[in-house]
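Chemist: Structure file upload.txt (compact mmCIF, C-alpha atoms) is given on the next line.
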# COMPACT_ATOMS: atom_id res chain seq x y z
CA MET A 1 0.00 0.00 0.00
CA CYS A 2 0.98 3.64 -0.03
CA LEU A 3 2.49 6.00 2.44
CA TYR A 4 0.44 9.15 2.84
CA GLY A 5 1.72 11.82 0.53
CA ASP A 6 3.08 9.29 -1.98
CA MET A 7 -0.08 9.11 -4.05
CA ARG A 8 0.38 8.90 -7.80
CA GLU A 9 -0.28 11.96 -9.95
CA ARG A 10 -1.37 12.62 -13.52
CA ARG A 11 -1.96 15.65 -15.68
CA LEU A 12 -5.61 16.62 -16.13
CA GLY A 13 -5.94 16.53 -19.89
CA THR A 14 -3.47 18.18 -22.24
CA HIS A 15 -3.20 21.56 -20.56
CA GLY A 16 -4.44 21.02 -17.01
CA PRO A 17 -2.65 20.70 -13.68
CA GLN A 18 -0.92 17.70 -12.19
CA ILE A 19 -3.42 16.09 -9.78
CA THR A 20 -3.47 13.06 -7.55
CA VAL A 21 -5.38 10.05 -8.86
CA ILE A 22 -7.78 10.28 -5.91
CA GLY A 23 -9.43 13.57 -5.00
CA PHE A 24 -11.84 14.64 -2.29
CA GLY A 25 -15.52 14.92 -3.24
CA ALA A 26 -17.45 17.45 -1.17
CA TRP A 27 -20.98 16.53 -2.23
CA GLU A 28 -21.75 15.01 1.18
CA ALA A 29 -20.44 18.15 2.87
CA GLY A 30 -23.51 19.99 1.59
CA GLY A 31 -25.46 18.37 4.40
CA ASP A 32 -28.63 17.81 2.42
CA ALA A 33 -28.73 14.91 -0.06
CA TRP A 34 -26.70 12.62 2.19
CA GLY A 35 -28.35 13.75 5.40
CA PRO A 36 -27.34 16.51 7.81
CA ASN A 37 -23.72 17.03 8.79
CA GLU A 38 -22.82 15.83 12.25
CA SER A 39 -21.06 19.15 12.81
CA GLU A 40 -19.26 21.77 10.82
CA SER A 41 -15.99 20.94 12.54
CA SER A 42 -16.20 17.23 11.68
CA VAL A 43 -16.70 18.00 7.99
CA VAL A 44 -13.88 20.53 7.97
CA GLY A 45 -11.73 17.92 9.70
CA ALA A 46 -12.51 15.31 7.02
CA ILE A 47 -11.58 17.76 4.27
CA ARG A 48 -8.33 18.58 6.01
CA ALA A 49 -7.67 14.87 6.46
CA SER A 50 -7.83 14.46 2.68
CA LEU A 51 -5.01 16.96 2.24
CA ASP A 52 -3.01 15.39 5.06
CA ALA A 53 -3.43 12.01 3.34
CA GLY A 54 -1.96 13.33 0.09
CA MET A 55 -4.98 14.32 -2.00
CA SER A 56 -4.20 17.47 -3.95
CA TRP A 57 -7.67 18.59 -5.05
CA ILE A 58 -11.22 19.05 -3.81
CA ASP A 59 -14.36 18.94 -5.95
CA THR A 60 -17.50 20.80 -4.90
CA ALA A 61 -20.43 22.68 -6.50
CA GLU A 62 -22.75 25.58 -5.89
CA VAL A 63 -25.77 23.27 -5.52
CA TYR A 64 -24.25 21.06 -2.82
CA GLY A 65 -26.26 22.30 0.13
CA GLN A 66 -26.89 25.54 -1.79
CA GLY A 67 -23.42 26.83 -1.06
CA VAL A 68 -22.82 25.03 2.24
CA SER A 69 -20.25 22.66 0.75
CA GLU A 70 -18.24 25.46 -0.86
CA THR A 71 -18.30 27.43 2.39
CA LEU A 72 -16.97 24.49 4.40
CA VAL A 73 -14.31 23.76 1.81
CA GLY A 74 -13.25 27.39 2.04
CA LYS A 75 -12.91 27.13 5.81
CA ALA A 76 -10.93 23.90 5.52
CA VAL A 77 -8.36 25.35 3.12
CA ALA A 78 -8.23 28.89 4.49
CA ASP A 79 -4.72 28.47 5.87
CA ARG A 80 -3.47 25.97 3.30
CA ARG A 81 -4.58 27.25 -0.08
CA ASP A 82 -1.26 26.35 -1.68
CA SER A 83 -1.81 22.66 -0.97
CA ALA A 84 -5.27 22.34 -2.52
CA LEU A 85 -6.60 22.76 -6.04
CA LEU A 86 -10.25 23.80 -5.90
CA PHE A 87 -12.74 22.49 -8.46
CA THR A 88 -16.37 23.64 -8.45
CA LYS A 89 -19.39 23.75 -10.74
CA VAL A 90 -22.20 26.00 -11.93
CA ALA A 91 -25.62 24.45 -12.59
CA PRO A 92 -28.52 25.42 -14.86
CA SER A 93 -31.47 27.20 -13.32
CA PRO A 94 -33.66 26.77 -11.41
CA GLU A 95 -31.49 24.45 -9.28
CA GLY A 96 -28.37 26.51 -9.94
CA THR A 97 -27.58 30.07 -10.89
CA GLY A 98 -28.11 29.41 -14.58
CA PHE A 99 -26.20 29.09 -17.86
CA ARG A 100 -26.77 32.48 -19.44
CA PRO A 101 -23.42 34.27 -19.80
CA GLU A 102 -24.18 36.85 -17.13
CA GLU A 103 -25.39 34.08 -14.80
CA VAL A 104 -22.22 32.04 -15.30
CA ARG A 105 -20.10 35.07 -14.43
CA ARG A 106 -22.24 35.83 -11.38
CA ALA A 107 -22.07 32.21 -10.21
CA ALA A 108 -18.27 32.18 -10.49
CA GLU A 109 -17.99 35.31 -8.38
CA ALA A 110 -20.30 33.82 -5.75
CA SER A 111 -18.25 30.61 -5.62
CA LEU A 112 -15.06 32.63 -5.24
CA GLY A 113 -16.61 34.39 -2.28
CA ARG A 114 -17.79 31.22 -0.54
CA LEU A 115 -14.47 29.49 -1.11
CA GLY A 116 -12.56 32.58 -0.02
CA VAL A 117 -10.15 32.56 -2.97
CA ASP A 118 -9.17 34.86 -5.84
CA VAL A 119 -9.25 32.26 -8.61
CA LEU A 120 -11.00 28.94 -9.25
CA ASP A 121 -8.68 26.19 -10.42
CA LEU A 122 -11.31 24.24 -12.40
CA TYR A 123 -14.79 25.52 -13.18
CA GLN A 124 -17.31 23.06 -14.63
CA LEU A 125 -20.79 23.02 -16.15
CA HIS A 126 -22.61 20.65 -13.82
CA TRP A 127 -25.05 19.08 -16.30
CA PRO A 128 -26.58 19.98 -19.68
CA ASP A 129 -29.06 22.83 -19.71
CA GLY A 130 -32.60 22.01 -20.75
CA SER A 131 -34.06 25.50 -20.72
CA GLY A 132 -32.96 26.54 -24.17
CA VAL A 133 -29.82 28.55 -23.38
CA PRO A 134 -27.46 27.94 -26.33
CA LEU A 135 -24.48 25.89 -25.20
CA GLU A 136 -22.18 28.00 -27.37
CA GLU A 137 -23.12 31.11 -25.38
CA THR A 138 -22.54 29.34 -22.08
CA TRP A 139 -19.19 27.88 -23.10
CA GLY A 140 -18.14 31.20 -24.55
CA ALA A 141 -18.76 32.75 -21.14
CA MET A 142 -16.69 29.99 -19.52
CA ALA A 143 -13.84 30.72 -21.93
CA GLY A 144 -14.18 34.40 -21.05
CA LEU A 145 -13.61 33.56 -17.39
CA VAL A 146 -10.32 31.94 -18.34
CA GLU A 147 -9.31 34.99 -20.35
CA ALA A 148 -10.23 37.26 -17.43
CA GLY A 149 -8.15 35.19 -15.00
CA THR A 150 -11.17 34.28 -12.86
CA VAL A 151 -10.62 30.55 -13.48
CA ARG A 152 -7.61 28.58 -14.68
CA TRP A 153 -9.26 25.64 -16.45
CA ILE A 154 -12.80 24.78 -17.55
CA GLY A 155 -14.67 21.52 -17.89
CA VAL A 156 -18.05 19.84 -18.14
CA SER A 157 -19.96 17.17 -16.24
CA ASN A 158 -22.57 14.65 -17.41
CA PHE A 159 -21.99 15.68 -21.05
CA ASP A 160 -22.01 13.36 -24.06
CA ARG A 161 -19.64 13.40 -27.02
CA GLU A 162 -21.80 15.66 -29.20
CA LEU A 163 -22.00 18.34 -26.50
CA ILE A 164 -18.27 18.13 -25.83
CA GLU A 165 -17.55 18.56 -29.54
CA ARG A 166 -19.68 21.71 -29.60
CA CYS A 167 -17.67 23.11 -26.70
CA ARG A 168 -14.34 22.15 -28.29
CA ALA A 169 -15.16 24.25 -31.33
CA ILE A 170 -14.99 27.31 -29.06
CA HIS A 171 -12.40 26.46 -26.42
CA HIS A 172 -10.55 23.34 -25.26
CA VAL A 173 -12.47 21.21 -22.77
CA ASP A 174 -10.01 20.53 -19.98
CA SER A 175 -12.10 17.92 -18.21
CA LEU A 176 -15.19 15.76 -18.17
CA GLN A 177 -16.67 14.67 -14.87
CA GLN A 178 -18.72 11.52 -15.39
CA GLU A 179 -20.24 8.73 -13.32
CA PHE A 180 -18.11 5.61 -13.71
CA SER A 181 -17.62 2.48 -11.62
CA PRO A 182 -17.72 -1.31 -11.97
CA LEU A 183 -21.44 -0.88 -11.31
CA VAL A 184 -21.99 1.86 -13.93
CA PRO A 185 -19.51 1.23 -16.77
CA GLU A 186 -21.66 2.44 -19.69
CA ASP A 187 -19.54 5.48 -20.57
CA ARG A 188 -16.28 3.57 -21.01
CA ASP A 189 -16.04 4.49 -24.71
CA LEU A 190 -16.73 8.17 -24.03
CA ILE A 191 -14.09 8.23 -21.31
CA ARG A 192 -11.53 6.52 -23.51
CA TRP A 193 -12.26 9.04 -26.31
CA CYS A 194 -11.75 11.94 -23.91
CA GLY A 195 -8.33 10.58 -23.09
CA GLU A 196 -7.51 10.45 -26.79
CA ILE A 197 -8.47 14.09 -27.42
CA GLY A 198 -6.68 15.50 -24.38
CA THR A 199 -9.67 15.99 -22.11
CA GLY A 200 -9.06 14.73 -18.58
CA VAL A 201 -11.71 12.61 -16.89
CA LEU A 202 -12.75 12.83 -13.24
CA SER A 203 -14.97 9.87 -12.38
CA TYR A 204 -17.65 10.41 -9.77
CA SER A 205 -19.40 7.77 -7.68
CA PRO A 206 -16.49 5.33 -8.22
CA LEU A 207 -17.79 3.35 -5.24
CA GLY A 208 -21.33 3.10 -6.57
CA ALA A 209 -22.54 5.78 -4.14
CA GLY A 210 -20.96 3.84 -1.29
CA LEU A 211 -22.67 0.56 -2.09
CA LEU A 212 -19.48 -1.13 -3.36
CA THR A 213 -17.65 -0.62 -0.07
CA GLY A 214 -19.13 -3.81 1.37
CA ARG A 215 -20.40 -1.82 4.32
CA TYR A 216 -23.99 -2.94 3.88
CA THR A 217 -25.68 -6.31 4.03
CA ARG A 218 -28.95 -6.71 2.16
CA GLU A 219 -30.78 -6.23 5.43
CA GLY A 220 -28.59 -3.25 6.27
CA LEU A 221 -29.76 -1.39 3.18
CA ALA A 222 -32.94 -0.63 5.10
CA THR A 223 -30.93 1.73 7.32
CA ILE A 224 -30.07 4.03 4.40
CA ASP A 225 -32.18 7.17 4.63
CA ASP A 226 -30.85 9.55 2.00
CA TRP A 227 -31.19 10.12 -1.76
CA ARG A 228 -30.11 6.54 -2.47
CA ARG A 229 -33.28 5.06 -0.97
CA ASP A 230 -35.44 6.21 -3.88
CA GLU A 231 -32.85 6.62 -6.64
CA LEU A 232 -30.99 3.32 -6.30
CA LEU A 233 -32.45 0.93 -3.76
CA GLY A 234 -35.92 0.78 -5.27
CA ASP A 235 -34.46 -1.21 -8.17
CA ALA A 236 -34.10 -4.86 -7.11
CA GLY A 237 -31.97 -5.59 -10.16
CA HIS A 238 -29.54 -2.84 -9.23
CA VAL A 239 -29.22 -4.25 -5.71
CA ASP A 240 -28.58 -7.72 -7.13
CA ARG A 241 -25.77 -6.34 -9.29
CA VAL A 242 -24.24 -4.59 -6.27
CA PHE A 243 -23.94 -7.80 -4.28
CA ALA A 244 -22.82 -9.85 -7.28
CA LEU A 245 -19.96 -7.40 -7.82
CA ILE A 246 -19.04 -7.39 -4.15
CA GLU A 247 -18.83 -11.16 -4.03
CA GLY A 248 -16.65 -11.19 -7.13
CA MET A 249 -14.33 -8.48 -5.85
CA ARG A 250 -14.01 -9.74 -2.29
CA PRO A 251 -11.50 -12.58 -2.90
CA VAL A 252 -9.29 -10.27 -4.97
CA ALA A 253 -9.32 -7.65 -2.23
CA GLU A 254 -8.49 -10.25 0.39
CA GLU A 255 -5.57 -11.59 -1.63
CA LEU A 256 -4.18 -8.06 -2.02
CA GLY A 257 -4.80 -7.21 1.63
CA VAL A 258 -6.95 -4.18 0.81
CA SER A 259 -10.55 -3.15 1.36
CA LEU A 260 -13.27 -3.43 -1.25
CA ALA A 261 -13.39 0.36 -1.46
CA GLN A 262 -9.65 0.59 -2.11
CA LEU A 263 -9.86 -2.07 -4.80
CA ALA A 264 -12.77 -0.32 -6.54
CA LEU A 265 -10.96 3.03 -6.45
CA ALA A 266 -7.74 1.53 -7.80
CA TRP A 267 -9.64 -0.26 -10.57
CA ASN A 268 -11.19 3.07 -11.50
CA TRP A 269 -8.04 5.12 -11.99
CA HIS A 270 -6.42 2.26 -13.90
CA GLN A 271 -9.08 2.46 -16.63
CA PRO A 272 -8.16 3.98 -20.04
CA GLY A 273 -9.05 7.66 -20.16
CA VAL A 274 -9.63 8.11 -16.45
CA THR A 275 -7.36 10.73 -14.93
CA ALA A 276 -8.57 10.49 -11.35
CA ALA A 277 -11.47 9.38 -9.17
CA ILE A 278 -13.55 11.48 -6.78
CA ALA A 279 -13.99 9.89 -3.36
CA GLY A 280 -16.17 11.68 -0.84
CA SER A 281 -16.73 11.08 2.85
CA ARG A 282 -17.39 13.01 6.04
CA SER A 283 -15.26 10.55 8.01
CA ALA A 284 -11.57 11.35 8.41
CA SER A 285 -10.71 7.66 8.77
CA HIS A 286 -12.56 6.76 5.57
CA VAL A 287 -10.82 9.60 3.76
CA LYS A 288 -7.41 8.30 4.79
CA ALA A 289 -8.29 4.78 3.68
CA ASN A 290 -9.51 6.08 0.32
CA ALA A 291 -6.25 7.95 -0.16
CA GLU A 292 -4.29 4.72 0.18
CA ALA A 293 -5.92 3.49 -3.04
CA GLY A 294 -3.97 6.20 -4.85
CA ASP A 295 -0.80 4.12 -4.79
CA LEU A 296 -2.31 0.68 -5.21
CA GLY A 297 -0.97 -0.73 -8.46
CA LEU A 298 -2.99 -3.45 -10.18
CA ASP A 299 -1.22 -5.68 -12.68
CA GLU A 300 -2.75 -6.79 -15.97
CA ALA A 301 -3.71 -10.20 -14.61
CA THR A 302 -5.61 -8.65 -11.70
CA LEU A 303 -7.36 -6.15 -13.96
CA ALA A 304 -8.33 -8.92 -16.36
CA ARG A 305 -9.69 -10.97 -13.47
CA LEU A 306 -11.76 -8.05 -12.24
CA ASP A 307 -13.05 -7.29 -15.72
CA ALA A 308 -14.06 -10.89 -16.27
CA PHE A 309 -16.56 -11.04 -13.46
CA LYS A 310 -17.49 -7.37 -13.87
CA GLY A 311 -18.39 -8.13 -17.47
CA SER A 312 -20.60 -11.01 -16.47
CA VAL A 313 -22.42 -8.83 -13.98
CA ALA A 314 -22.70 -6.00 -16.51
CA GLY A 315 -24.49 -8.45 -18.76
CA LEU A 316 -27.37 -8.28 -16.32
CA LEU A 317 -27.89 -4.61 -17.15
CA THR A 318 -31.05 -3.79 -19.03
CA ASN A 319 -31.33 -0.99 -21.55
CA ARG A 320 -33.20 1.07 -18.96
CA LEU A 321 -30.08 2.67 -17.53
CA ARG A 322 -28.84 3.69 -20.97
CA LEU A 323 -32.24 4.95 -22.17
CA GLU A 324 -32.87 6.87 -18.99
CA HIS A 325 -29.33 8.18 -18.55
CA LEU A 326 -30.17 11.80 -19.26
CA SER A 327 -33.44 11.72 -17.33
CA ARG A 328 -31.65 10.15 -14.39
CA ASP A 329 -29.03 12.89 -14.44
CA GLN A 330 -31.76 15.50 -14.62
CA ALA A 331 -33.60 13.90 -11.73
CA ARG A 332 -30.42 13.92 -9.65
CA ARG A 333 -29.05 17.16 -11.06
CA ALA A 334 -29.44 19.10 -7.82
CA ILE A 335 -27.34 16.60 -5.91
CA VAL A 336 -24.71 14.99 -8.15
Using the file provided, produce a representation of the structure as structure tokens.
Modeler:
Amino acid sequence: MCLYGDMRERRLGTHGPQITVIGFGAWEAGGDAWGPNESESSVVGAIRASLDAGMSWIDTAEVYGQGVSETLVGKAVADRRDSALLFTKVAPSPEGTGFRPEEVRRAAEASLGRLGVDVLDLYQLHWPDGSGVPLEETWGAMAGLVEAGTVRWIGVSNFDRELIERCRAIHHVDSLQQEFSPLVPEDRDLIRWCGEIGTGVLSYSPLGAGLLTGRYTREGLATIDDWRRDELLGDAGHVDRVFALIEGMRPVAEELGVSLAQLALAWNWHQPGVTAAIAGSRSASHVKANAEAGDLGLDEATLARLDAFKGSVAGLLTNRLRLEHLSRDQARRAIV
């Protein structure tokens, strides 16, 4: 395993910064979708623990707790700005500030204020706009923020290839943030393509929203009382796939002497096109354990073994997830 601070690094796309292969996700820090925060200090402590464990970047968004997450991230890095790259996102209205050029600029200024910084390292469009605002106008405003020095790099999240191509015609897309895990592997080709064109990929929910950690038994799922209850656990087929994957991964994890979560995270950043994985938690001990996956090398034989049973489980997927991909993202757009 790794020593803290020895995590592997990669460049985010062609022009982006060097970042660690595991970063801290501050969605939970919003204190809404995942349930209320135990305390402000405990969340700030978990964020600080991520930096102490070697993670070099933090991902947040204006809609996570309607600014709460960004505010807590700002407090956590107030005296250590040089050790943390800050990534955040603007969302379409009505959940977010909106994608009109003036709204994008206003949202960036608001995020700067909550984070307590002078420049945003990576600014991202959280999900595609459905209100009719032309993407070209929105992306042009994002490029303008780079030119003005308000942000250093710009990216997108939950975008498909056609939308990314439209952005690329105006300004390079530094990153794509996309859901990707052994449980949700559908965008493998998109992610690989991004790697080929010089767009970095940050994978979110690499642990299947916490379900691939092995923390829960089937009976224990009844204790979950957050967004996952309706979005994920109401689908019996999805639950079956979760436990099939866990049982396939468990012997590999045991042979390597690592946890299921560490194995899933390492698998993720070993995939073609993936630059780094986002791992969120409000527990300092979980954060430290996640960081250790950033120096867990998996050889070709191990990856092939994992892909073999992952492929068999993926065969259980119906077309529903693919057909409803956009609607699912829209349904979850205020929280992912």
Chemist: Have a look at atom CA of Trp57 of chain A and atom CA of Ser83 of chain A and let me know their distance in Å, one decimal.
Modeler: 8.2 Å
Chemist: Env of Arg188 of chain A: 10 Å cut, atoms = only C-alpha atoms, seq-sep filter 3 positions within chain, self excluded. Answer as a list in words.
Modeler: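 With the cut-off at 10 Å, the set is Phe180, Ser181, Val184, Pro185, Ile191, Arg192, Trp193, Cys194, Gln271, Pro272, Gly273 and Val274 of chain A.
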Chemist: Could you list, as a PyMOL selection string, every residue within 7 Å of Val173 of chain A, counting all atoms listed in the file and ignoring same-chain residues fewer than 4 positions away?
Modeler: chain A and resi 154-155+167-168+199
Chemist: Out of A:Trp139, A:Val117, A:Leu72, A:Leu122, which residue has the shortest atom-to-atom distance to Pro101 of chain A when counting only C-alpha atoms?
Modeler: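 Distance minimum relative to Pro101 of chain A lands on A:Trp139.
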Chemist: Can you tell me how far atom CA of Gly35 of chain A sits from atom CA of Ile19 of chain A, in Å to one decimal?
Modeler: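 Spanning atom CA of Gly35 of chain A to atom CA of Ile19 of chain A is a straight-line distance of 29.3 Å.
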Chemist: Given the choices A:Arg282, A:Ala209, A:Ser93, A:Asp59, which gets closest to Ser41 of chain A if the distance is worked out from only C-alpha atoms?
Modeler: A:Arg282
Chemist: Tell me which of A:Ala277, A:Val151, A:Val63, A:Met142 sits closest to Val201 of chain A, counting all atoms listed in the file.
Modeler: A:Ala277
Chemist: Just give me the gap between atom CA of Ala143 of chain A and atom CA of Ala76 of chain A in Å, one decimal is fine.
Modeler: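 These atoms are spaced 28.4 Å apart.
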Chemist: Around the point (-17.2, 32.7, -20.8) in the file's coordinates, collect all residues with an atom within 12 Å, using all atoms listed in the file, and return them as a short mmCIF file (atom, residue, chain, number, x, y, z; two decimals) with C-alpha atoms, in the frame of the given file.
Modeler:
data_model
loop_
_atom_site.label_atom_id
_atom_site.label_comp_id
_atom_site.auth_asym_id
_atom_site.auth_seq_id
_atom_site.Cartn_x
_atom_site.Cartn_y
_atom_site.Cartn_z
CA PHE A 99 -26.20 29.09 -17.86
CA ARG A 100 -26.77 32.48 -19.44
CA PRO A 101 -23.42 34.27 -19.80
CA GLU A 102 -24.18 36.85 -17.13
CA GLU A 103 -25.39 34.08 -14.80
CA VAL A 104 -22.22 32.04 -15.30
CA ARG A 105 -20.10 35.07 -14.43
CA ARG A 106 -22.24 35.83 -11.38
CA ALA A 107 -22.07 32.21 -10.21
CA ALA A 108 -18.27 32.18 -10.49
CA TYR A 123 -14.79 25.52 -13.18
CA GLN A 124 -17.31 23.06 -14.63
CA LEU A 125 -20.79 23.02 -16.15
CA LEU A 135 -24.48 25.89 -25.20
CA GLU A 136 -22.18 28.00 -27.37
CA GLU A 137 -23.12 31.11 -25.38
CA THR A 138 -22.54 29.34 -22.08
CA TRP A 139 -19.19 27.88 -23.10
CA GLY A 140 -18.14 31.20 -24.55
CA ALA A 141 -18.76 32.75 -21.14
CA MET A 142 -16.69 29.99 -19.52
CA ALA A 143 -13.84 30.72 -21.93
CA GLY A 144 -14.18 34.40 -21.05
CA LEU A 145 -13.61 33.56 -17.39
CA VAL A 146 -10.32 31.94 -18.34
CA GLU A 147 -9.31 34.99 -20.35
CA ALA A 148 -10.23 37.26 -17.43
CA GLY A 149 -8.15 35.19 -15.00
CA THR A 150 -11.17 34.28 -12.86
CA VAL A 151 -10.62 30.55 -13.48
CA TRP A 153 -9.26 25.64 -16.45
CA ILE A 154 -12.80 24.78 -17.55
CA GLY A 155 -14.67 21.52 -17.89
CA CYS A 167 -17.67 23.11 -26.70
CA ILE A 170 -14.99 27.31 -29.06
CA HIS A 171 -12.40 26.46 -26.42
#
Chemist: For segment 242-256 of chain A, list every protein, DNA or RNA residue within 7 Å, evaluated using only C-alpha atoms, and leave out those in the same chain fewer than 4 positions away; present the list as a PDB file with C-alpha atoms, keeping the file's coordinate frame.
Modeler:
ATOM      1  CA  LEU A 183     -21.440  -0.880 -11.310  1.00  0.00           C
ATOM      2  CA  LEU A 211     -22.670   0.560  -2.090  1.00  0.00           C
ATOM      3  CA  LEU A 212     -19.480  -1.130  -3.360  1.00  0.00           C
ATOM      4  CA  GLY A 214     -19.130  -3.810   1.370  1.00  0.00           C
ATOM      5  CA  HIS A 238     -29.540  -2.840  -9.230  1.00  0.00           C
ATOM      6  CA  LEU A 260     -13.270  -3.430  -1.250  1.00  0.00           C
ATOM      7  CA  LEU A 263      -9.860  -2.070  -4.800  1.00  0.00           C
ATOM      8  CA  LEU A 306     -11.760  -8.050 -12.240  1.00  0.00           C
ATOM      9  CA  PHE A 309     -16.560 -11.040 -13.460  1.00  0.00           C
ATOM     10  CA  LYS A 310     -17.490  -7.370 -13.870  1.00  0.00           C
ATOM     11  CA  VAL A 313     -22.420  -8.830 -13.980  1.00  0.00           C
TER      12      VAL A 313
END
Chemist: From the structure just shown, export segment 38-102 of chain A with C-alpha atoms as a compact mmCIF listing (two decimals), in the first residue's frame.
Modeler:
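The resulting decode02.txt:
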# COMPACT_ATOMS: atom_id res chain seq x y z
CA GLU A 38 -22.82 15.83 12.25
CA SER A 39 -21.06 19.15 12.81
CA GLU A 40 -19.26 21.77 10.82
CA SER A 41 -15.99 20.94 12.54
CA SER A 42 -16.20 17.23 11.68
CA VAL A 43 -16.70 18.00 7.99
CA VAL A 44 -13.88 20.53 7.97
CA GLY A 45 -11.73 17.92 9.70
CA ALA A 46 -12.51 15.31 7.02
CA ILE A 47 -11.58 17.76 4.27
CA ARG A 48 -8.33 18.58 6.01
CA ALA A 49 -7.67 14.87 6.46
CA SER A 50 -7.83 14.46 2.68
CA LEU A 51 -5.01 16.96 2.24
CA ASP A 52 -3.01 15.39 5.06
CA ALA A 53 -3.43 12.01 3.34
CA GLY A 54 -1.96 13.33 0.09
CA MET A 55 -4.98 14.32 -2.00
CA SER A 56 -4.20 17.47 -3.95
CA TRP A 57 -7.67 18.59 -5.05
CA ILE A 58 -11.22 19.05 -3.81
CA ASP A 59 -14.36 18.94 -5.95
CA THR A 60 -17.50 20.80 -4.90
CA ALA A 61 -20.43 22.68 -6.50
CA GLU A 62 -22.75 25.58 -5.89
CA VAL A 63 -25.77 23.27 -5.52
CA TYR A 64 -24.25 21.06 -2.82
CA GLY A 65 -26.26 22.30 0.13
CA GLN A 66 -26.89 25.54 -1.79
CA GLY A 67 -23.42 26.83 -1.06
CA VAL A 68 -22.82 25.03 2.24
CA SER A 69 -20.25 22.66 0.75
CA GLU A 70 -18.24 25.46 -0.86
CA THR A 71 -18.30 27.43 2.39
CA LEU A 72 -16.97 24.49 4.40
CA VAL A 73 -14.31 23.76 1.81
CA GLY A 74 -13.25 27.39 2.04
CA LYS A 75 -12.91 27.13 5.81
CA ALA A 76 -10.93 23.90 5.52
CA VAL A 77 -8.36 25.35 3.12
CA ALA A 78 -8.23 28.89 4.49
CA ASP A 79 -4.72 28.47 5.87
CA ARG A 80 -3.47 25.97 3.30
CA ARG A 81 -4.58 27.25 -0.08
CA ASP A 82 -1.26 26.35 -1.68
CA SER A 83 -1.81 22.66 -0.97
CA ALA A 84 -5.27 22.34 -2.52
CA LEU A 85 -6.60 22.76 -6.04
CA LEU A 86 -10.25 23.80 -5.90
CA PHE A 87 -12.74 22.49 -8.46
CA THR A 88 -16.37 23.64 -8.45
CA LYS A 89 -19.39 23.75 -10.74
CA VAL A 90 -22.20 26.00 -11.93
CA ALA A 91 -25.62 24.45 -12.59
CA PRO A 92 -28.52 25.42 -14.86
CA SER A 93 -31.47 27.20 -13.32
CA PRO A 94 -33.66 26.77 -11.41
CA GLU A 95 -31.49 24.45 -9.28
CA GLY A 96 -28.37 26.51 -9.94
CA THR A 97 -27.58 30.07 -10.89
CA GLY A 98 -28.11 29.41 -14.58
CA PHE A 99 -26.20 29.09 -17.86
CA ARG A 100 -26.77 32.48 -19.44
CA PRO A 101 -23.42 34.27 -19.80
CA GLU A 102 -24.18 36.85 -17.13
